[in-house]
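Notes follow once the structure below has been shown.
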Amino acid sequence: MTDIVVLVSGGGTNLQAIIDRIEDGSLKDVRIKAVISNNKNAGALERANKHGIDALCVSPADYKDRPDFEEGLLKAINDMTPDLIVLAGFLVVLPKQIISEYKNRIINIHPSLIPSFCGKGFYGLKVHEEALKRGVKVTGATVHFVDEGTDTGPIILQKAVEILPDDTPEVLQRRVMEQAEWVLLPEAIGLIAAGRVEIKDRRTVIR
Ligand code: GAR
């Protein structure tokens with residue numbers, strides 16, 4: 001069994017995709033130990049509660065300073081003894097200590113085809129606004145391992161999604177979620193849980 005902790009900040013549709021694949025049996029040998037949010041109003045916490053999954057909030061507002069918050073977050077994660085940490089719309093820069101303690105055991109979903117429209121400042125709707133502004137005809141989503149950089153870790157899976165003439169950022173975001181994110185994230189977790197993802201020279205090999 002692979003124990004995962006899912007870190008979230010918002011609505012939690014990617015979390016829901018993971019829960020659904022576990023419940024319908026297509027994502028096997030994976031258990032969500034807990035969902036942790038930095039935002040107490042995150043819809044993702046409600047989704048976790050509804051499915052009987054431990055849901056907790058570790059908010060910077062509840063700590064005296066940043067180092068204190070980072071320690072609190074690390075402790076909350078360590079308490080769950082996860083095999084894998086999944087960032088599913090987690091909009092906090094992950095503390096360096098967590099990245100080094102969980103090296104090659106943290107994955108993130110990003111709503112573009114990395115290395116396009118990624119890095120500092122590219123998150124959520126902003127990514128789709130920039131893709132439309134640039135006029136690209138194809139975008140998509142990427143699941144990658146998390147390293148010290150922003151969206152720079154080894155890529156695990158990518159899926160392309162077409163951009164249509166009348167797209168708004170919201171319409172495009174929804175299509176990227178439906179056609180790419182909600183498919184890729186559970187799939188990547190399944191591949192890792194099955195021991196099929198190897199990291200070689202900062203790239204992945206999937207067997
Ligand atoms: C998703 O589109 C995810 O790819 C994005 O935030 C959204 C969260 O939605 N993540 C990033 O932009 C990370 N850079 P959700 O809460 O409904 O899963």
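Residues are named by chain letter and number: chains run A, B, ... in the order of the structure tokens, numbers start at 1 in each chain, and ligands are numbered from 1 in the order shown.
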| Neighbours of ligand 1 within 9 Å, counting only C-alpha atoms and all ligand atoms, as a ChimeraX atom specification? | /A:8-17,42-44,87-91,108-112,118-127,141-143,150-151,173-174,176-177,181-182
Between segment 1-29 of chain A and segment 74-81 of chain A, at 12 Å or less, what are the per-residue closest atom pairs and their distances in Å? Count only C-alpha atoms, order by chain and rising residue number, and return it as a tab-separated table.
residue	atom	partner	partner_atom	distance
A:Thr2	CA	A:Thr81	CA	10.5
A:Asp3	CA	A:Thr81	CA	7.7
A:Ile4	CA	A:Met80	CA	8.6
A:Val5	CA	A:Ile77	CA	7.2
A:Val6	CA	A:Ile77	CA	9.5
A:Leu7	CA	A:Ile77	CA	9.3
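With atom CA of Gly72 of chain A on one side and atom CA of Val58 of chain A on the other, the separation reads 7.1 Å.
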| query | For Gln179 of chain A, which residue among A:Val30, A:Val92, A:Leu132, A:Ala160 is the nearest when counting only C-alpha atoms? | reply | A:Ala160
| request: Please provide as a list in words all residues within 9 Å of Gln97 of chain A, with the sequence filter that same-chain residues fewer than 4 positions apart are discarded (counting only C-alpha atoms). | output: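 Listing them by chain and then by number gives Glu70, Glu71, Leu74, Glu101 and Tyr102 of chain A.
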| message | Going by DSSP on the backbone, which residues of segment 23-115 of chain A come out as strand (DSSP E or B)? List them as a PyMOL selection string. | response | chain A and resi 30-37+55-57+84-87+106-110
Atoms to include: C-alpha atoms. Write the selected residues as an mmCIF file, in the first residue's frame.
data_model
loop_
_atom_site.group_PDB
_atom_site.id
_atom_site.type_symbol
_atom_site.label_atom_id
_atom_site.label_comp_id
_atom_site.auth_asym_id
_atom_site.auth_seq_id
_atom_site.Cartn_x
_atom_site.Cartn_y
_atom_site.Cartn_z
ATOM 1 C CA VAL A 30 -3.081 3.717 -2.790
ATOM 2 C CA ARG A 31 -4.488 5.234 0.395
ATOM 3 C CA ILE A 32 -4.979 8.935 1.156
ATOM 4 C CA LYS A 33 -3.661 9.314 4.706
ATOM 5 C CA ALA A 34 -4.653 12.976 4.945
ATOM 6 C CA VAL A 35 -5.456 16.152 3.071
ATOM 7 C CA ILE A 36 -3.651 19.264 4.285
ATOM 8 C CA SER A 37 -4.664 22.782 3.273
ATOM 9 C CA ALA A 55 -8.522 16.850 6.674
ATOM 10 C CA LEU A 56 -6.423 19.461 8.393
ATOM 11 C CA CYS A 57 -5.540 23.080 7.939
ATOM 12 C CA LEU A 84 4.363 10.174 -1.466
ATOM 13 C CA ILE A 85 3.288 13.824 -1.179
ATOM 14 C CA VAL A 86 0.912 15.044 -3.892
ATOM 15 C CA LEU A 87 0.567 18.774 -4.561
ATOM 16 C CA ILE A 106 6.775 14.808 -4.041
ATOM 17 C CA ILE A 107 4.769 15.340 -7.233
ATOM 18 C CA ASN A 108 2.881 18.360 -8.552
ATOM 19 C CA ILE A 109 0.217 18.926 -11.201
ATOM 20 C CA HIS A 110 0.719 22.028 -13.343
#
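For Ile99 of chain A, the set of protein, DNA and RNA residues having any atom at most 9 Å away, when counting only C-alpha atoms and skipping those fewer than 4 positions along the same chain, is Leu94, Pro95, Lys103, Asn104, Arg105, Ile106, Val146, Asp147 and Glu148 of chain A.
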| How many Å lie between atom CA of Glu162 of chain A and atom CA of Lys137 of chain A, rounded to one decimal? |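 Going from atom CA of Glu162 of chain A over to atom CA of Lys137 of chain A covers 6.3 Å.
Between atom CA of Arg207 of chain A and atom CA of Val138 of chain A there is a distance of 27.2 Å.
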| Residues of chain A in alpha helix (DSSP H), written as an MDAnalysis selection string | chainID A and resid 13:23 43:50 66:79 96:101 125:134 169:176 182:193
| said: Ranking A:Lys200, A:Leu157, A:Val93, A:Lys50 by minimum distance to Glu187 of chain A and counting only C-alpha atoms, which one comes first? | reply: A:Leu157
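The residue that comes closest to Thr139 of chain A, out of A:Asn41, A:Pro165, A:Ala180, A:Val171 and on the basis of only C-alpha atoms, is A:Ala180.
Of the residues under consideration (A:Arg203, A:Phe145, A:Val136, A:Ser59), A:Val136 shows the shortest atom-to-atom contact distance to Leu164 of chain A when counting only C-alpha atoms.
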| query | Any idea what's packed within 12 Å of Asp201 of chain A, counting only C-alpha atoms, ignoring anything in its chain fewer than 2 positions away? Could you give it as number ranges by chain? | reply | A: 153-155, 198-199, 203-205
Write out the residues from the selection above, keeping N, CA and C atoms, as a PDB file, in the first residue's frame.
ATOM      1  N   GLY A 153      11.300  20.158 -11.860  1.00  0.00           N
ATOM      2  CA  GLY A 153      11.658  18.765 -11.587  1.00  0.00           C
ATOM      3  C   GLY A 153      11.344  17.834 -12.751  1.00  0.00           C
ATOM      4  N   PRO A 154      11.846  16.593 -12.682  1.00  0.00           N
ATOM      5  CA  PRO A 154      11.625  15.610 -13.744  1.00  0.00           C
ATOM      6  C   PRO A 154      10.143  15.430 -14.092  1.00  0.00           C
ATOM      7  N   ILE A 155       9.857  15.453 -15.390  1.00  0.00           N
ATOM      8  CA  ILE A 155       8.476  15.334 -15.888  1.00  0.00           C
ATOM      9  C   ILE A 155       8.059  13.861 -15.906  1.00  0.00           C
ATOM     10  N   GLU A 198      11.116   5.656 -12.788  1.00  0.00           N
ATOM     11  CA  GLU A 198      12.516   5.720 -12.365  1.00  0.00           C
ATOM     12  C   GLU A 198      13.048   7.099 -12.761  1.00  0.00           C
ATOM     13  N   ILE A 199      13.889   7.698 -11.916  1.00  0.00           N
ATOM     14  CA  ILE A 199      14.483   8.990 -12.287  1.00  0.00           C
ATOM     15  C   ILE A 199      15.928   8.750 -12.706  1.00  0.00           C
ATOM     16  N   ARG A 203      15.583  13.095 -15.630  1.00  0.00           N
ATOM     17  CA  ARG A 203      14.435  12.751 -16.466  1.00  0.00           C
ATOM     18  C   ARG A 203      13.808  11.493 -15.907  1.00  0.00           C
ATOM     19  N   THR A 204      12.571  11.190 -16.318  1.00  0.00           N
ATOM     20  CA  THR A 204      11.986   9.940 -15.816  1.00  0.00           C
ATOM     21  C   THR A 204      11.934   8.900 -16.936  1.00  0.00           C
ATOM     22  N   VAL A 205      12.009   7.658 -16.494  1.00  0.00           N
ATOM     23  CA  VAL A 205      11.789   6.523 -17.408  1.00  0.00           C
ATOM     24  C   VAL A 205      10.615   5.748 -16.828  1.00  0.00           C
TER      25      VAL A 205
END
